[in-house]
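Chemist: Following this line is upload17.cif, made up of mmCIF, C-alpha atoms and all ligand atoms:
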data_entry
loop_
_atom_site.label_atom_id
_atom_site.label_comp_id
_atom_site.auth_asym_id
_atom_site.auth_seq_id
_atom_site.Cartn_x
_atom_site.Cartn_y
_atom_site.Cartn_z
CA MET B 10 0.00 0.00 0.00
CA ARG B 11 1.00 3.63 -0.43
CA VAL B 12 0.78 5.06 3.09
CA VAL B 13 1.03 8.77 4.01
CA VAL B 14 1.62 9.39 7.73
CA LEU B 15 1.07 12.93 9.10
CA THR B 16 2.65 13.51 12.51
CA GLY B 17 2.39 16.33 15.03
CA ALA B 18 3.78 17.28 18.42
CA GLY B 19 1.96 14.41 20.13
CA ILE B 20 4.30 11.78 18.61
CA SER B 21 7.27 13.42 20.35
CA ALA B 22 5.51 14.07 23.68
CA GLU B 23 6.69 10.79 25.26
CA SER B 24 10.25 11.70 24.24
CA GLY B 25 9.98 14.83 26.41
CA VAL B 26 9.33 17.41 23.67
CA PRO B 27 6.50 19.68 24.90
CA THR B 28 3.44 19.86 22.67
CA PHE B 29 1.85 23.16 21.73
CA ARG B 30 -1.42 22.45 23.51
CA ASP B 31 0.38 21.29 26.66
CA ALA B 32 0.74 24.77 28.08
CA ASP B 33 -2.67 26.28 27.26
CA GLY B 34 -1.60 27.74 23.94
CA LEU B 35 1.57 29.16 25.42
CA TRP B 36 4.59 27.76 23.70
CA GLU B 37 6.96 27.22 26.57
CA GLY B 38 5.69 30.41 28.14
CA HIS B 39 5.62 32.41 24.91
CA ARG B 40 2.57 33.55 22.98
CA VAL B 41 2.84 32.04 19.49
CA GLU B 42 2.48 35.42 17.85
CA ASP B 43 5.53 36.57 19.86
CA VAL B 44 7.88 33.87 18.63
CA ALA B 45 6.52 32.02 15.56
CA THR B 46 5.65 34.82 13.10
CA PRO B 47 7.79 36.89 10.69
CA GLU B 48 6.46 40.01 12.41
CA ALA B 49 7.80 38.79 15.77
CA PHE B 50 11.22 38.17 14.19
CA GLU B 51 11.17 41.66 12.67
CA ARG B 52 10.17 43.19 15.99
CA ASP B 53 12.44 41.28 18.38
CA PRO B 54 14.86 38.86 16.67
CA ASP B 55 16.78 38.09 19.90
CA THR B 56 13.71 36.68 21.67
CA VAL B 57 12.85 34.55 18.63
CA HIS B 58 16.46 33.33 18.30
CA ARG B 59 16.61 32.46 22.00
CA PHE B 60 13.29 30.56 21.70
CA TYR B 61 14.55 28.37 18.85
CA ASP B 62 18.11 28.10 20.21
CA ALA B 63 16.61 26.68 23.43
CA ARG B 64 14.47 24.15 21.55
CA ARG B 65 17.45 23.20 19.37
CA ALA B 66 19.68 22.66 22.42
CA HIS B 67 16.92 20.63 24.11
CA LEU B 68 17.01 18.17 21.16
CA SER B 69 20.28 16.70 22.41
CA THR B 70 18.55 15.69 25.67
CA VAL B 71 15.72 13.67 24.05
CA GLU B 72 15.53 10.37 22.16
CA PRO B 73 13.08 8.89 19.64
CA ASN B 74 10.33 6.75 21.23
CA ALA B 75 8.56 3.51 20.26
CA ALA B 76 6.18 5.40 17.94
CA HIS B 77 9.03 6.92 15.90
CA ARG B 78 10.77 3.53 15.81
CA ALA B 79 7.60 1.72 14.68
CA LEU B 80 7.28 4.04 11.66
CA ALA B 81 10.95 3.57 10.79
CA GLY B 82 10.43 -0.19 11.05
CA LEU B 83 7.44 -0.06 8.68
CA GLU B 84 9.53 1.84 6.13
CA ARG B 85 12.46 -0.57 6.49
CA ASP B 86 10.12 -3.58 6.21
CA GLY B 87 9.40 -2.43 2.66
CA ARG B 88 6.03 -4.14 2.21
CA HIS B 89 4.36 -0.72 2.13
CA ARG B 90 5.52 2.58 0.57
CA LEU B 91 5.63 4.98 3.54
CA LEU B 92 5.96 8.77 3.43
CA VAL B 93 6.17 10.61 6.76
CA VAL B 94 4.93 14.21 6.55
CA THR B 95 5.71 15.90 9.85
CA GLN B 96 4.67 19.22 11.31
CA ASN B 97 7.43 18.74 13.88
CA VAL B 98 10.73 20.60 13.67
CA ASP B 99 12.62 18.02 15.76
CA ASP B 100 14.84 15.31 14.19
CA LEU B 101 13.39 12.31 16.03
CA HIS B 102 11.94 10.60 12.94
CA GLU B 103 15.35 10.58 11.26
CA ARG B 104 17.12 9.50 14.47
CA ALA B 105 14.69 6.57 14.68
CA GLY B 106 15.75 5.56 11.15
CA SER B 107 13.01 7.03 8.94
CA ARG B 108 14.44 8.24 5.65
CA ASP B 109 11.46 9.48 3.62
CA VAL B 110 10.46 12.40 5.86
CA VAL B 111 9.03 15.77 4.76
CA HIS B 112 9.38 18.58 7.33
CA MET B 113 6.54 20.78 6.08
CA HIS B 114 7.15 23.35 8.88
CA GLY B 115 10.95 23.32 8.73
CA GLU B 116 13.66 21.98 11.05
CA LEU B 117 15.51 23.20 14.14
CA LEU B 118 18.77 21.74 12.76
CA SER B 119 18.67 23.96 9.65
CA ALA B 120 19.21 27.69 9.13
CA ARG B 121 18.09 29.91 6.28
CA CYS B 122 19.95 33.00 5.02
CA LEU B 123 17.97 36.18 4.44
CA ALA B 124 20.76 37.52 2.18
CA CYS B 125 21.33 34.60 -0.24
CA ASP B 126 18.22 32.48 0.65
CA GLY B 127 20.50 29.47 1.17
CA ARG B 128 19.49 26.71 3.63
CA PHE B 129 22.23 25.03 5.69
CA ARG B 130 22.40 22.18 8.24
CA SER B 131 23.30 24.00 11.44
CA ASP B 132 23.09 23.31 15.18
CA ALA B 133 24.77 26.59 16.17
CA PRO B 134 22.88 29.12 18.35
CA LEU B 135 21.71 31.85 15.98
CA VAL B 136 21.40 34.55 18.66
CA ASP B 137 25.21 34.99 18.27
CA ARG B 138 24.59 35.94 14.60
CA PRO B 139 27.00 33.42 13.02
CA ARG B 140 28.05 34.13 9.42
CA CYS B 141 26.15 32.42 6.59
CA PRO B 142 28.26 29.45 5.26
CA GLY B 143 27.21 30.49 1.74
CA CYS B 144 27.58 34.27 1.45
CA GLY B 145 29.26 35.19 4.76
CA GLU B 146 26.52 37.64 5.76
CA ARG B 147 25.29 37.60 9.38
CA ALA B 148 21.72 37.18 8.11
CA LEU B 149 20.65 33.71 9.27
CA ARG B 150 17.13 32.97 10.57
CA PRO B 151 15.68 29.71 11.94
CA ASP B 152 14.65 27.50 8.98
CA ILE B 153 11.15 27.25 10.42
CA VAL B 154 7.80 27.94 8.68
CA TRP B 155 6.11 30.59 10.77
CA PHE B 156 2.40 31.47 10.85
CA GLY B 157 1.52 33.31 7.65
CA GLU B 158 4.36 31.64 5.74
CA LEU B 159 3.91 28.96 3.10
CA PRO B 160 4.78 25.44 4.29
CA TYR B 161 7.48 23.45 2.47
CA GLU B 162 6.95 20.80 -0.24
CA LEU B 163 3.16 21.25 -0.56
CA ASP B 164 3.29 19.98 -4.16
CA ARG B 165 5.03 16.76 -3.15
CA ILE B 166 2.59 16.31 -0.27
CA GLN B 167 -0.41 16.97 -2.53
CA SER B 168 0.61 14.34 -5.08
CA ALA B 169 1.31 11.80 -2.30
CA LEU B 170 -2.19 12.44 -0.87
CA GLU B 171 -3.73 11.97 -4.33
CA ARG B 172 -2.10 8.53 -4.68
CA ALA B 173 -2.42 7.33 -1.06
CA ASP B 174 -4.25 4.08 -0.22
CA LEU B 175 -4.00 4.87 3.48
CA PHE B 176 -3.68 8.20 5.36
CA VAL B 177 -2.70 8.03 9.03
CA SER B 178 -2.63 11.05 11.39
CA ILE B 179 -0.58 10.67 14.58
CA GLY B 180 -0.34 13.06 17.56
CA THR B 181 -1.87 16.15 16.07
CA SER B 182 -4.78 18.32 17.24
CA GLY B 183 -5.75 19.21 13.66
CA ALA B 184 -5.83 22.91 14.53
CA VAL B 185 -3.31 24.28 12.06
CA TYR B 186 -3.78 24.54 8.28
CA PRO B 187 -2.99 23.42 5.64
CA ALA B 188 -1.96 20.23 7.57
CA ALA B 189 -5.41 19.96 9.18
CA GLY B 190 -6.95 19.75 5.71
CA PHE B 191 -4.91 16.74 4.51
CA VAL B 192 -7.37 14.14 5.85
CA SER B 193 -10.21 15.56 3.73
CA ALA B 194 -7.97 15.68 0.67
CA ALA B 195 -6.78 12.09 1.13
CA ARG B 196 -10.31 10.88 1.72
CA ALA B 197 -11.57 12.72 -1.38
CA TYR B 198 -8.97 10.77 -3.42
CA GLY B 199 -10.25 7.47 -1.99
CA ALA B 200 -7.78 6.79 0.79
CA ARG B 201 -8.76 5.03 4.01
CA THR B 202 -8.09 7.42 6.93
CA VAL B 203 -6.99 6.53 10.48
CA GLU B 204 -6.40 8.77 13.51
CA LEU B 205 -3.95 7.63 16.22
CA ASN B 206 -4.04 10.25 18.98
CA LEU B 207 -4.21 10.59 22.75
CA GLU B 208 -7.71 12.06 22.41
CA PRO B 209 -10.12 12.90 19.58
CA SER B 210 -8.66 15.75 17.48
CA HIS B 211 -10.58 18.70 16.01
CA GLY B 212 -11.13 16.64 12.81
CA THR B 213 -11.75 13.25 14.40
CA ASP B 214 -15.09 12.84 12.54
CA LEU B 215 -13.24 13.00 9.23
CA PHE B 216 -11.49 9.68 9.88
CA HIS B 217 -12.81 6.20 9.01
CA ASP B 218 -11.07 4.74 12.10
CA ALA B 219 -9.57 6.16 15.27
CA ARG B 220 -7.51 4.62 18.08
CA HIS B 221 -6.97 6.83 21.10
CA GLY B 222 -4.08 6.44 23.50
CA PRO B 223 -0.39 7.33 23.87
CA ALA B 224 1.47 7.11 20.55
CA GLY B 225 4.23 5.02 22.15
CA THR B 226 1.63 2.27 22.67
CA VAL B 227 -0.94 2.77 19.91
CA VAL B 228 1.45 3.23 16.97
CA PRO B 229 3.54 0.02 17.46
CA SER B 230 0.37 -2.13 17.77
CA TRP B 231 -1.18 -0.43 14.72
CA ALA B 232 2.05 -0.98 12.76
CA ALA B 233 2.19 -4.64 13.81
CA GLY B 234 -1.35 -5.04 12.46
CA LEU B 235 -0.25 -3.61 9.12
CA THR B 236 2.57 -6.12 8.59
CA PRO B 237 1.34 -9.46 9.96
CA THR B 238 4.36 -11.75 10.41
CA GLY B 239 4.37 -15.18 8.78
C1 LIG B 301 -0.23 29.63 5.73
C2 LIG B 301 6.58 25.69 13.15
C3 LIG B 301 -0.58 31.03 3.90
C4 LIG B 301 6.88 26.66 14.22
C5 LIG B 301 4.15 25.74 12.89
C6 LIG B 301 -7.54 28.17 7.36
C7 LIG B 301 -8.37 28.36 8.42
C8 LIG B 301 -7.91 29.05 9.56
C9 LIG B 301 -6.59 29.54 9.65
C10 LIG B 301 -5.78 29.34 8.60
C11 LIG B 301 -6.25 28.70 7.44
N1 LIG B 301 -5.23 28.64 6.57
C12 LIG B 301 -4.13 29.25 7.12
C13 LIG B 301 -4.45 29.70 8.35
C14 LIG B 301 -3.54 30.39 9.24
C15 LIG B 301 -2.62 29.44 10.02
C16 LIG B 301 -3.44 28.54 10.90
O1 LIG B 301 -3.72 27.40 10.57
N2 LIG B 301 -3.78 29.08 12.07
C17 LIG B 301 -4.51 28.26 13.06
C18 LIG B 301 -3.92 28.52 14.43
C19 LIG B 301 -5.98 28.53 12.99
N3 LIG B 301 -1.78 28.65 9.13
C20 LIG B 301 -0.63 29.23 8.69
O2 LIG B 301 -0.27 30.35 8.98
C21 LIG B 301 0.22 28.38 7.76
N4 LIG B 301 0.65 29.16 6.63
O3 LIG B 301 -1.40 29.38 5.79
O4 LIG B 301 0.35 30.39 4.77
C22 LIG B 301 0.15 31.46 2.73
C23 LIG B 301 -0.45 31.23 1.52
C24 LIG B 301 0.18 31.67 0.37
C25 LIG B 301 1.42 32.33 0.48
C26 LIG B 301 2.01 32.54 1.72
C27 LIG B 301 1.37 32.09 2.87
C28 LIG B 301 1.54 27.96 8.42
C29 LIG B 301 1.32 27.21 9.64
C30 LIG B 301 2.67 26.67 10.17
C31 LIG B 301 3.10 27.43 11.40
N5 LIG B 301 4.25 26.75 12.02
N6 LIG B 301 5.26 25.14 13.41
C32 LIG B 301 7.43 26.02 15.45
O5 LIG B 301 7.35 24.78 15.61
O6 LIG B 301 7.96 26.79 16.25
S1 LIG B 301 2.59 25.17 13.32
C33 LIG B 301 2.84 24.26 14.78
O7 LIG B 301 1.61 24.26 15.45
C34 LIG B 301 3.19 22.81 14.59
O8 LIG B 301 4.09 22.59 13.54
C35 LIG B 301 1.82 22.20 14.33
O9 LIG B 301 1.47 22.37 12.99
C36 LIG B 301 0.93 23.06 15.19
C37 LIG B 301 0.74 22.39 16.53
O10 LIG B 301 -0.15 21.39 16.33
P1 LIG B 301 0.18 19.87 16.76
O11 LIG B 301 1.51 19.45 16.23
O12 LIG B 301 -1.01 19.11 16.40
O13 LIG B 301 0.38 19.98 18.35
P2 LIG B 301 -0.72 20.33 19.45
O14 LIG B 301 0.03 20.61 20.67
O15 LIG B 301 -1.68 21.31 18.90
O16 LIG B 301 -1.54 18.96 19.65
C38 LIG B 301 -0.87 17.82 20.11
C39 LIG B 301 -1.83 16.66 19.89
O17 LIG B 301 -1.17 15.47 20.28
C40 LIG B 301 -3.10 16.78 20.72
O18 LIG B 301 -4.23 16.37 19.94
C41 LIG B 301 -2.87 15.78 21.87
O19 LIG B 301 -4.06 15.15 22.26
C42 LIG B 301 -1.96 14.77 21.20
N7 LIG B 301 -1.04 14.10 22.12
C43 LIG B 301 -0.42 14.64 23.22
N8 LIG B 301 0.38 13.69 23.79
C44 LIG B 301 0.26 12.57 23.03
C45 LIG B 301 -0.64 12.84 21.94
N9 LIG B 301 -0.98 11.92 21.02
C46 LIG B 301 -0.42 10.69 21.15
N10 LIG B 301 0.48 10.36 22.14
C47 LIG B 301 0.82 11.25 23.09
N11 LIG B 301 1.67 10.89 24.05
ZN ZN B 302 23.79 33.66 2.82
#
Just give me the structure as structure tokens.
Ligand code: BV8
Ligand code: ZN
Modeler:
Amino acid sequence: MRVVVLTGAGISAESGVPTFRDADGLWEGHRVEDVATPEAFERDPDTVHRFYDARRAHLSTVEPNAAHRALAGLERDGRHRLLVVTQNVDDLHERAGSRDVVHMHGELLSARCLACDGRFRSDAPLVDRPRCPGCGERALRPDIVWFGELPYELDRIQSALERADLFVSIGTSGAVYPAAGFVSAARAYGARTVELNLEPSHGTDLFHDARHGPAGTVVPSWAAGLTPTG
């Protein structure tokens, strides 16, 4: 089967990465509009840099969990064609072994240059204004898709949704678009749709099936059901 898996903050919760909804809409004590918008970066770049530098540094203290590993195992198994489309900016899918991963909202371990528009793997704190590896300008910003900005690889995601036999949504509240609209698109193209989440999401009625519980438990048992041994 061609399987498209959409993941959100909930899949990394058991690894110790805070979700957005955890703190009543406050992102680690910050209002989203103060740290995850181009206007916020314009207004107060240091606060935005410190916010992402802290999340980037925190990555080295967390590990992938059983849900990330189960998806990597499904891909490695090879019986099904798996594409992971993640809203997450952490690198836990890749560290679990997943290779076909689309970061539609960017990555903490990447920086983008406002002078030459280059994108570079980088784990350096950006608040110190390091020089761009490409053009040497001190014009790097977090390579993150902020509210009001166009997500990455929407064309690739759209064509994968059009050809999907199965669409699975894991650990997402379904509150942010265009990601929250993928289930309807996949369904419209004939895919079966499954929600694996701690609790019903905003779009739970749009799914054919739903299993509610912690991803670290629900995802491995769902994956095992997809590749019966023997
Ligand atoms: C754009 C990077 C236009 C930053 C992020 C249509 C209608 C209404 C509004 C809009 C619309 N279209 C666009 C908008 C505006 C906006 C939007 O959707 N606003 C919302 C708030 C209404 N969308 C945008 O701005 C998008 N851009 O539209 O551009 C455009 C068009 C043309 C040209 C130019 C521009 C861009 C949105 C991307 C913003 N960036 N992230 C960063 O990370 O710092 S979004 C960010 O928030 C995440 O990436 C994710 O997408 C979202 C958080 O949601 P979740 O990941 O689902 O996390 P959440 O905490 O909400 O929920 C966790 C879930 O997990 C819960 O359900 C919980 O029950 C569950 N859970 C918890 N623990 C576990 C668990 N599940 C399983 N196991 C557990 N252990
Ligand atoms: Zn540059």
Chemist: Do you know which residues are at most 9 Å from Gly143 of chain B counting only C-alpha atoms, after dropping those on the same chain fewer than 6 positions away, and could you put them as a PyMOL selection string?
Modeler: chain B and resi 122+125+127-129
Chemist: Kindly provide, as a tab-separated table (two decimals) with C-alpha atoms, in the coordinates of the input, all nucleotide and amino acid residues lying within 8 Å of ligand ZN 302 (chain B), counting only C-alpha atoms and all ligand atoms.
Modeler:
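As written to disk, selection-v2.tsv reads:
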chain	number	residue	atom	x	y	z
B	121	ARG	CA	18.09	29.91	6.28
B	122	CYS	CA	19.95	33.00	5.02
B	123	LEU	CA	17.97	36.18	4.44
B	124	ALA	CA	20.76	37.52	2.18
B	125	CYS	CA	21.33	34.60	-0.24
B	126	ASP	CA	18.22	32.48	0.65
B	127	GLY	CA	20.50	29.47	1.17
B	140	ARG	CA	28.05	34.13	9.42
B	141	CYS	CA	26.15	32.42	6.59
B	142	PRO	CA	28.26	29.45	5.26
B	143	GLY	CA	27.21	30.49	1.74
B	144	CYS	CA	27.58	34.27	1.45
B	145	GLY	CA	29.26	35.19	4.76
B	146	GLU	CA	26.52	37.64	5.76
B	147	ARG	CA	25.29	37.60	9.38
B	148	ALA	CA	21.72	37.18	8.11
B	149	LEU	CA	20.65	33.71	9.27
Chemist: Give the answer as one residue: which of B:Ala22, B:Leu170, B:Val94, B:Ala79 has the shortest atom-to-atom distance to ligand LIG 301 (chain B), using all atoms listed in the file?
Modeler: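 Among the listed residues, B:Ala22 lies closest to ligand LIG 301 (chain B).
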Chemist: So which residues are near ligand LIG 301 (chain B), meaning at most 6 Å away with only C-alpha atoms and all ligand atoms counted, given back as an MDAnalysis selection string?
Modeler: chainID B and resid 17:20 22:23 28:30 45 96:98 114 153:160 180:187 206:208 210 223:224
Chemist: Pick the closest to His39 of chain B from B:Tyr198, B:Phe60, B:Pro27, B:Asp100: which is it, counting all atoms listed in the file?
Modeler: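 Result for the nearest residue to His39 of chain B: B:Phe60.
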